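Engineer: Supplied structure: work_17.tsv, TSV, N, CA and C atoms.
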```tsv
chain	number	residue	atom	x	y	z
A	1	MET	N	114.80	17.24	157.90
A	1	MET	CA	116.21	17.40	157.59
A	1	MET	C	116.45	18.65	156.74
A	2	MET	N	115.57	18.86	155.75
A	2	MET	CA	115.71	20.01	154.87
A	2	MET	C	115.51	21.31	155.64
A	3	SER	N	114.55	21.34	156.57
A	3	SER	CA	114.31	22.56	157.34
A	3	SER	C	115.49	22.87	158.26
A	4	LEU	N	116.18	21.86	158.77
A	4	LEU	CA	117.36	22.08	159.60
A	4	LEU	C	118.48	22.69	158.75
A	5	ARG	N	118.63	22.23	157.54
A	5	ARG	CA	119.67	22.75	156.64
A	5	ARG	C	119.36	24.22	156.30
A	6	ILE	N	118.11	24.52	156.02
A	6	ILE	CA	117.71	25.90	155.71
A	6	ILE	C	117.94	26.80	156.92
A	7	PHE	N	117.58	26.32	158.11
A	7	PHE	CA	117.80	27.09	159.33
A	7	PHE	C	119.29	27.36	159.54
A	8	THR	N	120.13	26.36	159.32
A	8	THR	CA	121.58	26.52	159.52
A	8	THR	C	122.14	27.55	158.55
A	9	VAL	N	121.75	27.47	157.29
A	9	VAL	CA	122.22	28.44	156.30
A	9	VAL	C	121.76	29.85	156.67
A	10	ALA	N	120.51	29.99	157.08
A	10	ALA	CA	119.98	31.30	157.47
A	10	ALA	C	120.74	31.86	158.68
A	11	ALA	N	121.04	31.01	159.65
A	11	ALA	CA	121.77	31.45	160.84
A	11	ALA	C	123.18	31.92	160.49
A	12	VAL	N	123.85	31.18	159.61
A	12	VAL	CA	125.21	31.57	159.20
A	12	VAL	C	125.18	32.90	158.45
A	13	LEU	N	124.22	33.07	157.56
A	13	LEU	CA	124.10	34.33	156.83
A	13	LEU	C	123.81	35.49	157.77
A	14	ALA	N	122.93	35.30	158.72
A	14	ALA	CA	122.60	36.36	159.68
A	14	ALA	C	123.82	36.73	160.51
A	15	ALA	N	124.58	35.74	160.95
A	15	ALA	CA	125.78	36.01	161.75
A	15	ALA	C	126.83	36.75	160.94
A	16	SER	N	126.95	36.45	159.66
A	16	SER	CA	127.95	37.12	158.83
A	16	SER	C	127.60	38.58	158.61
A	17	LEU	N	126.34	38.95	158.68
A	17	LEU	CA	125.95	40.34	158.52
A	17	LEU	C	126.29	41.18	159.75
A	18	VAL	N	126.37	40.57	160.90
A	18	VAL	CA	126.66	41.28	162.15
A	18	VAL	C	128.12	41.67	162.24
A	19	VAL	N	129.04	40.87	161.76
A	19	VAL	CA	130.47	41.12	161.91
A	19	VAL	C	130.91	42.44	161.28
A	20	PRO	N	130.58	42.74	160.01
A	20	PRO	CA	131.02	44.02	159.45
A	20	PRO	C	130.45	45.23	160.18
A	21	THR	N	129.24	45.14	160.67
A	21	THR	CA	128.63	46.24	161.40
A	21	THR	C	129.41	46.52	162.68
A	22	GLY	N	129.77	45.50	163.42
A	22	GLY	CA	130.53	45.69	164.65
A	22	GLY	C	131.90	46.27	164.37
A	23	ALA	N	132.53	45.84	163.31
A	23	ALA	CA	133.85	46.35	162.97
A	23	ALA	C	133.78	47.82	162.58
A	24	HIS	N	132.75	48.21	161.88
A	24	HIS	CA	132.62	49.60	161.45
A	24	HIS	C	132.45	50.54	162.64
A	25	HIS	N	131.72	50.13	163.63
A	25	HIS	CA	131.42	51.00	164.76
A	25	HIS	C	132.39	50.87	165.93
A	26	SER	N	133.51	50.26	165.70
A	26	SER	CA	134.51	50.11	166.75
A	26	SER	C	135.16	51.46	167.05
A	27	HIS	N	135.39	51.72	168.31
A	27	HIS	CA	136.12	52.91	168.74
A	27	HIS	C	137.48	52.51	169.30
A	28	GLY	N	138.00	51.39	168.82
A	28	GLY	CA	139.26	50.86	169.33
A	28	GLY	C	140.46	51.74	169.09
A	29	ASN	N	140.39	52.67	168.14
A	29	ASN	CA	141.53	53.54	167.87
A	29	ASN	C	141.57	54.78	168.78
A	30	TYR	N	140.58	54.90	169.67
A	30	TYR	CA	140.52	56.03	170.60
A	30	TYR	C	140.83	55.58	172.02
A	31	GLU	N	141.41	56.47	172.80
A	31	GLU	CA	141.70	56.23	174.21
A	31	GLU	C	140.43	56.54	175.00
A	32	LEU	N	139.61	55.53	175.24
A	32	LEU	CA	138.30	55.73	175.84
A	32	LEU	C	138.32	55.85	177.36
A	33	SER	N	139.47	55.62	177.99
A	33	SER	CA	139.52	55.62	179.45
A	33	SER	C	139.58	57.03	180.04
A	34	ASP	N	139.91	58.05	179.23
A	34	ASP	CA	139.92	59.40	179.77
A	34	ASP	C	139.63	60.43	178.68
A	35	PHE	N	139.30	61.64	179.12
A	35	PHE	CA	138.99	62.73	178.21
A	35	PHE	C	140.18	63.65	178.03
A	36	THR	N	140.32	64.18	176.83
A	36	THR	CA	141.26	65.25	176.52
A	36	THR	C	140.43	66.53	176.39
A	37	HIS	N	140.93	67.63	176.90
A	37	HIS	CA	140.23	68.92	176.82
A	37	HIS	C	140.94	69.78	175.78
A	38	VAL	N	140.18	70.28	174.81
A	38	VAL	CA	140.75	71.06	173.71
A	38	VAL	C	139.86	72.28	173.46
A	39	GLU	N	140.50	73.42	173.19
A	39	GLU	CA	139.78	74.64	172.80
A	39	GLU	C	140.36	75.13	171.49
A	40	GLY	N	139.49	75.66	170.64
A	40	GLY	CA	139.96	76.19	169.37
A	40	GLY	C	138.84	76.83	168.59
A	41	THR	N	139.13	77.09	167.31
A	41	THR	CA	138.18	77.72	166.41
A	41	THR	C	137.77	76.72	165.34
A	42	VAL	N	136.46	76.61	165.13
A	42	VAL	CA	135.93	75.67	164.15
A	42	VAL	C	136.37	76.10	162.75
A	43	SER	N	136.97	75.16	162.03
A	43	SER	CA	137.37	75.39	160.65
A	43	SER	C	136.29	74.89	159.69
A	44	GLU	N	135.78	73.69	159.96
A	44	GLU	CA	134.74	73.08	159.12
A	44	GLU	C	133.83	72.23	159.99
A	45	VAL	N	132.57	72.09	159.55
A	45	VAL	CA	131.63	71.16	160.17
A	45	VAL	C	131.00	70.36	159.04
A	46	HIS	N	131.03	69.04	159.16
A	46	HIS	CA	130.45	68.15	158.15
A	46	HIS	C	129.33	67.34	158.79
A	47	TRP	N	128.09	67.62	158.43
A	47	TRP	CA	126.92	66.87	158.90
A	47	TRP	C	126.66	65.79	157.88
A	48	ILE	N	127.35	64.66	158.01
A	48	ILE	CA	127.23	63.58	157.03
A	48	ILE	C	127.08	62.24	157.73
A	49	ASN	N	126.56	61.27	157.01
A	49	ASN	CA	126.50	59.89	157.50
A	49	ASN	C	127.72	59.14	157.02
A	50	PRO	N	128.25	58.20	157.73
A	50	PRO	CA	127.72	57.67	158.98
A	50	PRO	C	128.19	58.44	160.22
A	51	HIS	N	129.13	59.39	160.06
A	51	HIS	CA	129.62	60.16	161.21
A	51	HIS	C	129.78	61.61	160.81
A	52	SER	N	129.37	62.51	161.67
A	52	SER	CA	129.60	63.94	161.45
A	52	SER	C	131.01	64.27	161.95
A	53	TRP	N	131.54	65.39	161.47
A	53	TRP	CA	132.91	65.79	161.82
A	53	TRP	C	132.98	67.28	162.11
A	54	ILE	N	133.83	67.63	163.07
A	54	ILE	CA	134.23	69.02	163.29
A	54	ILE	C	135.75	69.05	163.08
A	55	PHE	N	136.20	70.02	162.30
A	55	PHE	CA	137.63	70.26	162.16
A	55	PHE	C	137.93	71.53	162.92
A	56	LEU	N	138.85	71.42	163.88
A	56	LEU	CA	139.09	72.48	164.86
A	56	LEU	C	140.54	72.95	164.77
A	57	GLU	N	140.72	74.26	164.60
A	57	GLU	CA	142.06	74.83	164.61
A	57	GLU	C	142.43	75.16	166.05
A	58	VAL	N	143.48	74.50	166.53
A	58	VAL	CA	143.91	74.62	167.92
A	58	VAL	C	145.25	75.35	167.95
A	59	SER	N	145.33	76.42	168.75
A	59	SER	CA	146.56	77.20	168.84
A	59	SER	C	147.71	76.32	169.30
A	60	GLY	N	148.86	76.57	168.69
A	60	GLY	CA	150.05	75.82	169.07
A	60	GLY	C	150.60	76.28	170.41
A	61	GLU	N	151.26	75.37	171.09
A	61	GLU	CA	151.87	75.70	172.37
A	61	GLU	C	153.25	76.29	172.13
A	62	ASN	N	153.65	77.25	172.95
A	62	ASN	CA	154.98	77.85	172.89
A	62	ASN	C	155.30	78.41	171.50
A	63	GLY	N	154.33	79.07	170.86
A	63	GLY	CA	154.58	79.70	169.58
A	63	GLY	C	154.55	78.78	168.37
A	64	GLU	N	154.19	77.52	168.58
A	64	GLU	CA	154.12	76.58	167.45
A	64	GLU	C	152.95	76.95	166.55
A	65	GLU	N	153.00	76.45	165.33
A	65	GLU	CA	151.90	76.66	164.38
A	65	GLU	C	150.63	76.00	164.91
A	66	PRO	N	149.46	76.58	164.59
A	66	PRO	CA	148.20	75.94	165.00
A	66	PRO	C	148.07	74.55	164.37
A	67	ALA	N	147.39	73.67	165.07
A	67	ALA	CA	147.15	72.31	164.57
A	67	ALA	C	145.69	72.18	164.18
A	68	LEU	N	145.41	71.40	163.16
A	68	LEU	CA	144.04	71.13	162.74
A	68	LEU	C	143.64	69.77	163.27
A	69	TRP	N	142.68	69.75	164.19
A	69	TRP	CA	142.20	68.51	164.79
A	69	TRP	C	140.97	68.03	164.04
A	70	ALA	N	140.89	66.73	163.77
A	70	ALA	CA	139.72	66.09	163.18
A	70	ALA	C	138.95	65.41	164.31
A	71	MET	N	137.69	65.80	164.49
A	71	MET	CA	136.90	65.31	165.61
A	71	MET	C	135.66	64.60	165.10
A	72	GLU	N	135.59	63.31	165.39
A	72	GLU	CA	134.50	62.46	164.92
A	72	GLU	C	133.32	62.51	165.88
A	73	ALA	N	132.13	62.65	165.32
A	73	ALA	CA	130.90	62.68	166.12
A	73	ALA	C	129.95	61.60	165.62
A	74	THR	N	128.80	61.52	166.22
A	74	THR	CA	127.77	60.60	165.76
A	74	THR	C	127.15	61.14	164.47
A	75	ASN	N	126.17	60.46	163.95
A	75	ASN	CA	125.52	60.88	162.70
A	75	ASN	C	124.57	62.06	162.94
A	76	PRO	N	124.14	62.74	161.87
A	76	PRO	CA	123.26	63.90	162.03
A	76	PRO	C	121.97	63.60	162.80
A	77	ALA	N	121.38	62.43	162.59
A	77	ALA	CA	120.16	62.08	163.32
A	77	ALA	C	120.44	61.97	164.82
A	78	GLY	N	121.57	61.38	165.19
A	78	GLY	CA	121.95	61.28	166.60
A	78	GLY	C	122.20	62.65	167.22
A	79	LEU	N	122.83	63.54	166.47
A	79	LEU	CA	123.05	64.90	166.97
A	79	LEU	C	121.72	65.60	167.21
A	80	SER	N	120.81	65.43	166.28
A	80	SER	CA	119.48	66.03	166.41
A	80	SER	C	118.75	65.49	167.64
A	81	ARG	N	118.85	64.17	167.87
A	81	ARG	CA	118.23	63.57	169.06
A	81	ARG	C	118.83	64.12	170.34
A	82	ASN	N	120.11	64.52	170.29
A	82	ASN	CA	120.78	65.09	171.47
A	82	ASN	C	120.50	66.58	171.62
A	83	GLY	N	119.62	67.13	170.76
A	83	GLY	CA	119.24	68.53	170.87
A	83	GLY	C	120.20	69.50	170.20
A	84	ILE	N	121.01	69.00	169.27
A	84	ILE	CA	121.99	69.85	168.59
A	84	ILE	C	121.46	70.22	167.21
A	85	ALA	N	121.38	71.52	166.96
A	85	ALA	CA	120.95	72.02	165.65
A	85	ALA	C	122.18	72.36	164.82
A	86	ARG	N	122.00	72.38	163.52
A	86	ARG	CA	123.12	72.66	162.62
A	86	ARG	C	123.76	74.03	162.88
A	87	ASN	N	123.01	74.97	163.42
A	87	ASN	CA	123.58	76.30	163.64
A	87	ASN	C	124.25	76.45	165.02
A	88	HIS	N	124.27	75.41	165.83
A	88	HIS	CA	124.91	75.52	167.16
A	88	HIS	C	126.41	75.73	167.06
A	89	VAL	N	127.03	75.12	166.06
A	89	VAL	CA	128.47	75.25	165.86
A	89	VAL	C	128.71	75.50	164.37
A	90	LEU	N	129.31	76.65	164.06
A	90	LEU	CA	129.56	77.04	162.67
A	90	LEU	C	131.04	77.36	162.47
A	91	PRO	N	131.54	77.29	161.24
A	91	PRO	CA	132.92	77.69	160.99
A	91	PRO	C	133.18	79.11	161.51
A	92	GLY	N	134.31	79.26	162.19
A	92	GLY	CA	134.68	80.53	162.80
A	92	GLY	C	134.33	80.63	164.27
A	93	ASP	N	133.49	79.72	164.76
A	93	ASP	CA	133.08	79.74	166.18
A	93	ASP	C	134.17	79.17	167.08
A	94	PRO	N	134.42	79.83	168.22
A	94	PRO	CA	135.28	79.21	169.23
A	94	PRO	C	134.47	78.18	170.02
A	95	ILE	N	135.09	77.04	170.31
A	95	ILE	CA	134.42	76.00	171.10
A	95	ILE	C	135.43	75.36	172.05
A	96	ARG	N	134.88	74.69	173.06
A	96	ARG	CA	135.67	73.87	174.00
A	96	ARG	C	135.10	72.46	173.90
A	97	VAL	N	135.98	71.46	173.83
A	97	VAL	CA	135.51	70.08	173.72
A	97	VAL	C	136.17	69.18	174.76
A	98	ARG	N	135.43	68.14	175.12
A	98	ARG	CA	135.98	67.01	175.89
A	98	ARG	C	135.85	65.82	174.96
A	99	CYS	N	136.97	65.19	174.67
A	99	CYS	CA	136.94	64.11	173.69
A	99	CYS	C	137.94	63.02	174.05
A	100	HIS	N	137.80	61.90	173.36
A	100	HIS	CA	138.71	60.76	173.54
A	100	HIS	C	139.74	60.81	172.40
A	101	ARG	N	140.98	61.09	172.76
A	101	ARG	CA	142.04	61.29	171.76
A	101	ARG	C	142.41	59.98	171.08
A	102	LEU	N	142.93	60.11	169.87
A	102	LEU	CA	143.45	58.94	169.16
A	102	LEU	C	144.60	58.33	169.95
A	103	LYS	N	144.65	57.01	169.98
A	103	LYS	CA	145.69	56.32	170.75
A	103	LYS	C	147.09	56.62	170.25
A	104	ASP	N	147.23	56.91	168.95
A	104	ASP	CA	148.57	57.17	168.42
A	104	ASP	C	149.05	58.60	168.71
A	105	GLY	N	148.22	59.40	169.40
A	105	GLY	CA	148.62	60.75	169.80
A	105	GLY	C	148.47	61.80	168.72
A	106	SER	N	148.00	61.43	167.54
A	106	SER	CA	147.82	62.42	166.49
A	106	SER	C	146.63	63.33	166.81
A	107	ASP	N	146.51	64.40	166.05
A	107	ASP	CA	145.52	65.44	166.34
A	107	ASP	C	144.13	65.04	165.87
A	108	GLY	N	143.47	64.22	166.65
A	108	GLY	CA	142.12	63.78	166.34
A	108	GLY	C	141.51	63.14	167.56
A	109	CYS	N	140.17	63.09	167.57
A	109	CYS	CA	139.51	62.48	168.71
A	109	CYS	C	138.07	62.12	168.39
A	110	LEU	N	137.50	61.31	169.26
A	110	LEU	CA	136.09	60.97	169.25
A	110	LEU	C	135.41	61.97	170.17
A	111	LEU	N	134.51	62.78	169.60
A	111	LEU	CA	133.87	63.81	170.40
A	111	LEU	C	133.03	63.22	171.51
A	112	GLY	N	133.14	63.80	172.67
A	112	GLY	CA	132.27	63.48	173.77
A	112	GLY	C	131.29	64.63	173.96
A	113	PHE	N	131.83	65.80	174.31
A	113	PHE	CA	131.00	66.95	174.63
A	113	PHE	C	131.58	68.21	173.99
A	114	VAL	N	130.69	69.09	173.53
A	114	VAL	CA	131.08	70.36	172.90
A	114	VAL	C	130.38	71.50	173.61
A	115	THR	N	131.14	72.54	173.94
A	115	THR	CA	130.59	73.76	174.52
A	115	THR	C	130.89	74.92	173.58
A	116	PRO	N	129.86	75.49	172.92
A	116	PRO	CA	130.09	76.66	172.07
A	116	PRO	C	130.45	77.88	172.91
A	117	LEU	N	131.40	78.68	172.43
A	117	LEU	CA	131.84	79.87	173.15
A	117	LEU	C	131.68	81.12	172.29
A	118	HIS	N	130.72	81.10	171.37
A	118	HIS	CA	130.54	82.18	170.39
A	118	HIS	C	129.76	83.38	170.92
A	119	GLY	N	129.15	83.27	172.10
A	119	GLY	CA	128.46	84.40	172.71
A	119	GLY	C	126.99	84.55	172.34
A	120	ASP	N	126.45	83.66	171.53
A	120	ASP	CA	125.06	83.77	171.08
A	120	ASP	C	124.18	82.78	171.84
A	121	PRO	N	123.40	83.26	172.84
A	121	PRO	CA	122.56	82.34	173.62
A	121	PRO	C	121.55	81.57	172.76
A	122	ALA	N	121.10	82.16	171.67
A	122	ALA	CA	120.13	81.48	170.81
A	122	ALA	C	120.74	80.27	170.11
A	123	ARG	N	122.08	80.25	170.02
A	123	ARG	CA	122.78	79.12	169.39
A	123	ARG	C	123.47	78.24	170.44
A	124	GLY	N	123.10	78.38	171.69
A	124	GLY	CA	123.60	77.47	172.72
A	124	GLY	C	124.91	77.86	173.36
A	125	HIS	N	125.27	79.15	173.33
A	125	HIS	CA	126.52	79.59	173.95
A	125	HIS	C	126.64	79.09	175.39
A	126	GLY	N	127.79	78.50	175.71
A	126	GLY	CA	128.08	78.08	177.07
A	126	GLY	C	127.38	76.82	177.53
A	127	ILE	N	126.57	76.20	176.68
A	127	ILE	CA	125.84	74.99	177.07
A	127	ILE	C	126.54	73.77	176.49
A	128	GLU	N	127.04	72.92	177.37
A	128	GLU	CA	127.73	71.71	176.93
A	128	GLU	C	126.71	70.67	176.48
A	129	LYS	N	126.92	70.11	175.29
A	129	LYS	CA	126.03	69.07	174.77
A	129	LYS	C	126.85	67.88	174.30
A	130	GLU	N	126.21	66.71	174.40
A	130	GLU	CA	126.87	65.47	173.99
A	130	GLU	C	126.81	65.31	172.47
A	131	TRP	N	127.97	65.00	171.87
A	131	TRP	CA	128.06	64.84	170.42
A	131	TRP	C	128.34	63.41	170.01
A	132	ASP	N	128.25	62.45	170.93
A	132	ASP	CA	128.46	61.05	170.54
A	132	ASP	C	127.36	60.19	171.13
```
Let me see the structure of the file written as C-alpha coordinates.

Structural biologist:
Amino acid sequence: MMSLRIFTVAAVLAASLVVPTGAHHSHGNYELSDFTHVEGTVSEVHWINPHSWIFLEVSGENGEEPALWAMEATNPAGLSRNGIARNHVLPGDPIRVRCHRLKDGSDGCLLGFVTPLHGDPARGHGIEKEWD
(Lines of atoms letter the chains of each structure in order from A and count residues from 1; the text may use other names and numbers.)
(Lines give C-alpha, C1' and ligand atoms only; values in the text may rest on other atoms or scores of the structure.)
Protein backbone atom coordinates (compact mmCIF):
# COMPACT_ATOMS: atom_id res chain seq x y z
CA MET A 1 0.00 0.00 0.00
CA MET A 2 2.81 2.39 0.91
CA SER A 3 4.68 1.71 -2.35
CA LEU A 4 1.50 2.47 -4.34
CA ARG A 5 1.15 5.81 -2.54
CA ILE A 6 4.81 6.67 -3.22
CA PHE A 7 4.41 5.71 -6.89
CA THR A 8 1.28 7.88 -7.20
CA VAL A 9 2.99 10.90 -5.65
CA ALA A 10 6.04 10.43 -7.89
CA ALA A 11 3.84 10.15 -11.00
CA VAL A 12 1.93 13.34 -10.13
CA LEU A 13 5.17 15.24 -9.51
CA ALA A 14 6.67 14.01 -12.79
CA ALA A 15 3.54 15.03 -14.72
CA SER A 16 3.56 18.50 -13.17
CA LEU A 17 7.11 19.08 -14.41
CA VAL A 18 6.10 18.39 -18.01
CA VAL A 19 3.33 21.02 -18.21
CA PRO A 20 5.50 24.18 -17.80
CA THR A 21 8.02 22.88 -20.33
CA GLY A 22 5.33 22.35 -22.96
CA ALA A 23 3.86 25.78 -22.34
CA HIS A 24 7.24 27.46 -22.68
CA HIS A 25 7.99 25.88 -26.04
CA SER A 26 4.62 26.57 -27.60
CA HIS A 27 4.62 28.31 -30.97
CA GLY A 28 0.90 29.03 -30.75
CA ASN A 29 1.39 32.77 -31.27
CA TYR A 30 2.86 32.20 -34.75
CA GLU A 31 1.05 31.42 -38.01
CA LEU A 32 2.69 28.06 -38.68
CA SER A 33 0.66 27.15 -41.77
CA ASP A 34 2.65 29.39 -44.14
CA PHE A 35 5.88 31.35 -44.52
CA THR A 36 6.33 35.10 -44.76
CA HIS A 37 9.28 36.32 -46.87
CA VAL A 38 11.18 39.32 -45.50
CA GLU A 39 14.40 41.09 -46.56
CA GLY A 40 16.27 43.68 -44.57
CA THR A 41 19.40 44.70 -42.71
CA VAL A 42 20.40 43.07 -39.44
CA SER A 43 20.25 45.53 -36.56
CA GLU A 44 21.15 43.15 -33.71
CA VAL A 45 21.87 39.46 -33.16
CA HIS A 46 21.43 37.91 -29.70
CA TRP A 47 22.94 34.43 -29.20
CA ILE A 48 21.22 33.67 -25.89
CA ASN A 49 19.28 30.88 -24.21
CA PRO A 50 16.57 29.78 -24.39
CA HIS A 51 16.10 31.44 -27.82
CA SER A 52 18.41 33.43 -30.06
CA TRP A 53 17.08 36.56 -31.78
CA ILE A 54 17.71 38.59 -34.91
CA PHE A 55 16.39 42.13 -35.07
CA LEU A 56 15.92 43.12 -38.70
CA GLU A 57 15.34 46.58 -40.13
CA VAL A 58 12.88 46.18 -43.01
CA SER A 59 12.32 49.00 -45.50
CA GLY A 60 8.88 50.52 -45.38
CA GLU A 61 6.50 50.15 -48.29
CA ASN A 62 5.47 53.24 -50.27
CA GLY A 63 7.91 55.55 -48.47
CA GLU A 64 6.92 54.48 -44.95
CA GLU A 65 9.48 54.44 -42.16
CA PRO A 66 11.50 51.21 -41.83
CA ALA A 67 10.11 48.67 -39.38
CA LEU A 68 12.16 46.74 -36.83
CA TRP A 69 11.22 43.05 -36.89
CA ALA A 70 11.97 40.75 -33.92
CA MET A 71 12.77 37.25 -35.17
CA GLU A 72 12.91 34.33 -32.75
CA ALA A 73 15.28 31.43 -33.43
CA THR A 74 16.33 28.29 -31.61
CA ASN A 75 19.05 28.34 -28.93
CA PRO A 76 22.77 28.79 -29.73
CA ALA A 77 23.47 25.05 -29.43
CA GLY A 78 20.69 24.30 -31.95
CA LEU A 79 22.05 26.91 -34.36
CA SER A 80 25.50 25.36 -34.06
CA ARG A 81 24.06 21.88 -34.77
CA ASN A 82 22.46 23.36 -37.91
CA GLY A 83 25.90 24.51 -39.09
CA ILE A 84 25.43 28.20 -38.25
CA ALA A 85 28.43 30.07 -36.85
CA ARG A 86 28.19 33.33 -34.94
CA ASN A 87 29.83 35.21 -37.82
CA HIS A 88 27.33 34.04 -40.49
CA VAL A 89 24.99 36.94 -39.71
CA LEU A 90 26.29 40.17 -38.16
CA PRO A 91 24.79 43.62 -37.53
CA GLY A 92 24.76 45.57 -40.80
CA ASP A 93 24.40 42.45 -42.97
CA PRO A 94 21.57 42.24 -45.50
CA ILE A 95 19.61 38.97 -45.21
CA ARG A 96 16.51 37.28 -46.63
CA VAL A 97 14.33 35.18 -44.32
CA ARG A 98 11.41 32.77 -44.52
CA CYS A 99 9.57 32.83 -41.25
CA HIS A 100 6.24 32.24 -39.54
CA ARG A 101 4.71 35.64 -38.76
CA LEU A 102 3.01 36.51 -35.50
CA LYS A 103 -0.73 35.82 -35.68
CA ASP A 104 -1.56 39.36 -34.56
CA GLY A 105 0.23 40.75 -37.65
CA SER A 106 2.85 42.69 -35.70
CA ASP A 107 6.44 42.87 -36.93
CA GLY A 108 7.84 39.62 -35.61
CA CYS A 109 8.20 36.00 -36.55
CA LEU A 110 9.54 32.56 -35.75
CA LEU A 111 12.57 32.10 -37.97
CA GLY A 112 12.50 29.24 -40.39
CA PHE A 113 15.34 29.92 -42.83
CA VAL A 114 17.93 32.69 -43.24
CA THR A 115 19.94 33.50 -46.37
CA PRO A 116 22.85 35.93 -45.83
CA LEU A 117 23.28 38.42 -48.69
CA HIS A 118 26.49 40.11 -47.49
CA GLY A 119 28.68 38.84 -50.35
CA ASP A 120 31.22 36.93 -48.23
CA PRO A 121 31.36 33.24 -49.26
CA ALA A 122 33.41 32.40 -46.15
CA ARG A 123 30.45 33.56 -44.03
CA GLY A 124 27.83 31.64 -46.01
CA HIS A 125 26.68 34.25 -48.54
CA GLY A 126 23.68 33.01 -50.51
CA ILE A 127 23.35 29.75 -48.56
CA GLU A 128 19.98 29.27 -46.91
CA LYS A 129 20.19 27.64 -43.47
CA GLU A 130 17.56 26.56 -40.98
CA TRP A 131 17.39 28.69 -37.82
CA ASP A 132 14.69 26.78 -35.92

Engineer: What is the distance between CA of Pro66 (chain A) and CA of Ser106 (chain A), in Å to one decimal?

Structural biologist: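 One can read the CA of Pro66 (chain A) to CA of Ser106 (chain A) distance as 13.6 Å.
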
Engineer: Using all atoms listed in the file, which residues sit within 6.5 Å of Glu31 (chain A) once same-chain residues fewer than 5 positions away are excluded, as an NGL selection string?

Structural biologist: :A and (100-103)

Engineer: For region 78-95 of chain A, work out the shell of residues within 7 Å, counting all atoms listed in the file and skipping chain neighbours fewer than 5 positions away, then give it as a list in words.

Structural biologist: Val38, Glu39, Gly40, Thr41, Val42, Ser43, Glu44, Val45, Val114, Thr115, Pro116, Leu117, His118, Ala122, Arg123, Gly124, Lys129, Glu130, Trp131 and Asp132 of chain A

Engineer: Step one, run DSSP on the backbone; step two, keep only residues of chain A assigned to strand (DSSP E); then write them as an MDAnalysis selection string.

Structural biologist: chainID A and resid 36:46 53:58 67:72 94:101 108:116 129:130

Engineer: In Å to one decimal, how far is CA of Trp69 (chain A) from CA of Leu32 (chain A)?

Structural biologist: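 We find that CA of Leu32 (chain A) and CA of Trp69 (chain A) lie 17.3 Å from each other.
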
Engineer: As an exercise, work out the distance from CA of Gly105 (chain A) to CA of Asn62 (chain A) in Å and give it to one decimal place.

Structural biologist: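 CA of Gly105 (chain A) sits 18.5 Å away from CA of Asn62 (chain A).
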
Engineer: Let me have the centre and edge lengths of the axis-aligned box enclosing all listed atoms of region 24-39 of chain A with 6 Å padding on every side, in Å to one decimal, as lines of an AutoDock Vina configuration file.

Structural biologist:
```
center_x = 136.6
center_y = 61.7
center_z = 170.7
size_x = 22.3
size_y = 38.9
size_z = 30.6
```

Engineer: Closest to Glu57 (chain A) among A:His27, A:Gly119, A:Ala73, A:Gly108, using only C-alpha atoms?

Structural biologist: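 Using only C-alpha atoms, Glu57 (chain A) sits closest to A:Gly108.
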
Engineer: Got a sec to tell me which of chain A DSSP assigns to alpha helix (DSSP H), as a ChimeraX atom specification?

Structural biologist: /A:2-24,76-81

Engineer: Write out as a JSON list (two decimals) with N, CA and C atoms, keeping the file's coordinate frame which residues come within 9 Å of Pro50 (chain A) when counting only C-alpha atoms, dropping same-chain ones fewer than 3 positions away.

Structural biologist:
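Once everything was written out, this is selection-v4.json:
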```json
[["chain", "number", "residue", "atom", "x", "y", "z"],
["A", 74, "THR", "N", 128.80, 61.52, 166.22],
["A", 74, "THR", "CA", 127.77, 60.60, 165.76],
["A", 74, "THR", "C", 127.15, 61.14, 164.47],
["A", 75, "ASN", "N", 126.17, 60.46, 163.95],
["A", 75, "ASN", "CA", 125.52, 60.88, 162.70],
["A", 75, "ASN", "C", 124.57, 62.06, 162.94],
["A", 76, "PRO", "N", 124.14, 62.74, 161.87],
["A", 76, "PRO", "CA", 123.26, 63.90, 162.03],
["A", 76, "PRO", "C", 121.97, 63.60, 162.80]]
```
